[in-house]
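Participant: The structure's right below; bear with me while I get my questions together.
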Amino acid sequence: SRKSDKTPPPPPSPSPNSPNSQTPFVKVDARVFIVGAGVGTGSIQNLTIRAANILKSADVVIYDDLGVDSEETLSLCGQKCKKIYVGKRGGRAEKNTSQAEINSLLVELSASGRYKHVVRLKGGDPTIFGRLGNEIEALKRAKIKYEIVPGVSSLVASAAAVGMPLTETMRGGKHFACISGHDAKTNPDAFRDLADVDTVVVFMGGKNIASVVDALLMNPTFGSEQAAATTKSRGSKATAASKRTKSTPCAVVRDVDGAKEKRWLGTLGDIVEKTEGEKLSPCVFIVGEICKSATLHERNVYL
């Protein structure tokens, strides 16, 4: 019989990632984006346009307790985006992921060759108390490209929430400094170093605000042993008087731009009493003469 003139179609080519494929796996040129999600629980109103665009292009997102609406923020990611939670807020051991584990995960995902855009998503701004240094050092050692995408920090959002600037020459606000409230008990030198700073902004000080106030005033309750050790090691600088007194004005803003936002104005002499019984975390504590311009004006947070 006569053979058919039709040539049978060639067999399908194996996928590049198939075990039987002769084509080598080609790794993508990965890049890590360390992105600030802004502030405001229950809302993404402070998420920047650039941050939103990066989330839309993400192949994998490593995120923690953002302080914002995690579900709504992550909904900006594509359907195929892998989401990995590494929360560590408030010492909750059952959910905590160590910083070393996070560093290793960033490197592992980026070096795997399977993800082009790796996003490390952090609340607020990643450059302020965001453990950014640990993560970028790990990426540098692994020779992985990265970019830092700023977010709206509770630093500036809190000042805006009480209608005041952070710097203002007319009210003695030529400079400001940020410090962790944990240092009030563990590192008294840090507060003594700020004795001459016009405005001090305290992060993570809600749970021990009384200790923070004592540290700012350099009260004896700051710890006699710590004070003695500091005096011995640093001499006259350790005994320098603070420019702050009990009449120094201050402001506390809890959950700025969020569903549980609350604001208090007072002085170092009465702010502990005014906030007594309140759950302050997360909050920002602003101290200095510049707080005289702060107000508790009505805010249309969701306008």
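Ordering of the structure tokens sets the chain letters (A, B, ...), residue numbers begin anew at 1 in every chain, and ligands are numbered from 1 in the order given.
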Just asking: which residues within stretch 60-149 of chain A are alpha helix (DSSP H) according to DSSP, as a PyMOL selection string?

Facilitator: chain A and resi 70-74+99-111+132-141

Participant: Can you pull out the residues contacting A:Gly87? Cut-off 8 Å, using only C-alpha atoms, and skip same-chain residues under 5 positions away; I want them as a PDB file with C-alpha atoms, in the first residue's frame.

Facilitator:
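Dumped to out08.pdb:
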```pdb
ATOM      1  CA  TYR A  63       6.172  39.621  55.886  1.00  0.00           C
ATOM      2  CA  ASP A  64       5.784  40.109  59.612  1.00  0.00           C
ATOM      3  CA  ASP A  65       3.277  41.889  61.888  1.00  0.00           C
ATOM      4  CA  LYS A  95       4.857  32.660  66.249  1.00  0.00           C
ATOM      5  CA  ASN A  96       8.316  34.097  66.588  1.00  0.00           C
ATOM      6  CA  THR A  97      10.877  33.657  63.843  1.00  0.00           C
TER       7      THR A  97
END
```

Participant: I'd like the contact shell of A:His182 - 9 Å cut-off, only C-alpha atoms, skipping same-chain residues fewer than 5 positions apart - returned as a list of chain:residue names.

Facilitator: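 Counting only C-alpha atoms, the residues come to A:Asn187, A:Phe203, A:Met204, A:Gly205, A:Asn208, A:Val212.
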
Participant: Those selected residues, please, written with C-alpha atoms and delivered as a PDB file, in the first residue's frame.

Facilitator:
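Contents of part30.pdb, as written:
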```
ATOM      1  CA  ASN A 187      21.128  51.052  78.391  1.00  0.00           C
ATOM      2  CA  PHE A 203       9.709  54.121  70.007  1.00  0.00           C
ATOM      3  CA  MET A 204       8.568  50.945  71.803  1.00  0.00           C
ATOM      4  CA  GLY A 205       8.174  52.732  75.119  1.00  0.00           C
ATOM      5  CA  ASN A 208       7.496  50.977  80.412  1.00  0.00           C
ATOM      6  CA  VAL A 212      11.248  56.174  80.025  1.00  0.00           C
TER       7      VAL A 212
END
```

Participant: Might you pull out every residue within 12 Å of A:Gly181, with only C-alpha atoms counted and same-chain residues fewer than 4 positions away left off, and present them as a count of residues only?

Facilitator: 30

Participant: Would you please work out which residue, of A:Ser110, A:Ser247, A:Thr169, A:Asn300, is nearest to A:Gly269 when using only C-alpha atoms?

Facilitator: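 Ranking A:Ser110, A:Ser247, A:Thr169, A:Asn300 by distance to A:Gly269, first place goes to A:Ser247.
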
Participant: Once DSSP has gone over the backbone, tell me which residues of stretch 239-281 of chain A are in strand (DSSP E), as a ChimeraX atom specification.

Facilitator: /A:249-254,262-267

Participant: Restricting the output to N, CA and C atoms, write the selected residues as a PDB file, in the first residue's frame.

Facilitator:
```pdb
ATOM      1  N   PRO A 249       6.881  69.650  77.919  1.00  0.00           N
ATOM      2  CA  PRO A 249       5.691  69.098  77.252  1.00  0.00           C
ATOM      3  C   PRO A 249       6.005  67.845  76.458  1.00  0.00           C
ATOM      4  N   CYS A 250       4.993  67.002  76.277  1.00  0.00           N
ATOM      5  CA  CYS A 250       5.183  65.759  75.536  1.00  0.00           C
ATOM      6  C   CYS A 250       3.859  65.307  74.921  1.00  0.00           C
ATOM      7  N   ALA A 251       3.953  64.352  74.028  1.00  0.00           N
ATOM      8  CA  ALA A 251       2.779  63.801  73.364  1.00  0.00           C
ATOM      9  C   ALA A 251       2.962  62.304  73.190  1.00  0.00           C
ATOM     10  N   VAL A 252       1.885  61.558  73.357  1.00  0.00           N
ATOM     11  CA  VAL A 252       1.880  60.111  73.110  1.00  0.00           C
ATOM     12  C   VAL A 252       0.818  59.827  72.056  1.00  0.00           C
ATOM     13  N   VAL A 253       1.206  59.082  71.024  1.00  0.00           N
ATOM     14  CA  VAL A 253       0.253  58.698  69.970  1.00  0.00           C
ATOM     15  C   VAL A 253       0.280  57.175  69.842  1.00  0.00           C
ATOM     16  N   ARG A 254      -0.853  56.551  70.100  1.00  0.00           N
ATOM     17  CA  ARG A 254      -0.974  55.104  69.973  1.00  0.00           C
ATOM     18  C   ARG A 254      -1.627  54.740  68.639  1.00  0.00           C
ATOM     19  N   LYS A 262      -5.195  56.746  69.503  1.00  0.00           N
ATOM     20  CA  LYS A 262      -5.550  57.615  70.614  1.00  0.00           C
ATOM     21  C   LYS A 262      -4.356  58.492  70.902  1.00  0.00           C
ATOM     22  N   ARG A 263      -4.627  59.735  71.315  1.00  0.00           N
ATOM     23  CA  ARG A 263      -3.556  60.714  71.520  1.00  0.00           C
ATOM     24  C   ARG A 263      -3.672  61.338  72.907  1.00  0.00           C
ATOM     25  N   TRP A 264      -2.522  61.572  73.505  1.00  0.00           N
ATOM     26  CA  TRP A 264      -2.462  62.238  74.803  1.00  0.00           C
ATOM     27  C   TRP A 264      -1.432  63.362  74.740  1.00  0.00           C
ATOM     28  N   LEU A 265      -1.755  64.482  75.367  1.00  0.00           N
ATOM     29  CA  LEU A 265      -0.806  65.576  75.531  1.00  0.00           C
ATOM     30  C   LEU A 265      -0.602  65.798  77.023  1.00  0.00           C
ATOM     31  N   GLY A 266       0.605  66.143  77.416  1.00  0.00           N
ATOM     32  CA  GLY A 266       0.877  66.389  78.821  1.00  0.00           C
ATOM     33  C   GLY A 266       2.289  66.868  79.024  1.00  0.00           C
ATOM     34  N   THR A 267       2.817  66.601  80.192  1.00  0.00           N
ATOM     35  CA  THR A 267       4.205  66.939  80.509  1.00  0.00           C
ATOM     36  C   THR A 267       4.867  65.689  81.076  1.00  0.00           C
TER      37      THR A 267
END
```

Participant: I'd like the neighbourhood of A:Glu147 as a list in words, where a residue qualifies if any of its atoms comes within 10 Å (using only C-alpha atoms), though same-chain residues fewer than 5 positions away should be ignored.

Facilitator: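 Final neighbour list, sorted by chain and number: Arg31, Val32, Phe33, Ile34, Val35, Val119 and Ile136 of chain A.
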
Participant: Just to confirm, what's the straight-line distance from atom CA of A:Tyr85 to atom CA of A:Ala37 in Å (one decimal)?

Facilitator: 14.6 Å

Participant: Quick one: of A:Asp125, A:Asp257, A:Asp196, A:Glu278, who's nearest to A:Ala160, counting only C-alpha atoms?

Facilitator: A:Asp257

Participant: Please measure the separation of atom CA of A:Ala157 and atom CA of A:Gly40, giving the value in Å to one decimal.

Facilitator: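 Computing it gives 9.4 Å between the two atoms.
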
Participant: Env of A:Ala294: 9 Å cut, atoms = only C-alpha atoms, seq-sep filter 4 positions within chain, self excluded. Answer as a PyMOL selection string.

Facilitator: chain A and resi 159+161-165+250-251+265+290

Participant: Excluding A:Ile44 and its own-chain neighbours fewer than 3 positions away, which residues fall within 10 Å of it when counting only C-alpha atoms? Please give them as number ranges by chain.

Facilitator: A: 37-41, 47-48, 52, 68-73, 257-258

Participant: Pick the closest to A:Gly133 from A:Ile148, A:Leu66, A:Cys178, A:Ile49: which is it, counting only C-alpha atoms?

Facilitator: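 So, comparing all the options, the nearest one is A:Ile148.
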
Participant: Rounded to one decimal, what separation in Å do you get between atom CA of A:Gly123 and atom CA of A:Leu166?

Facilitator: 21.0 Å
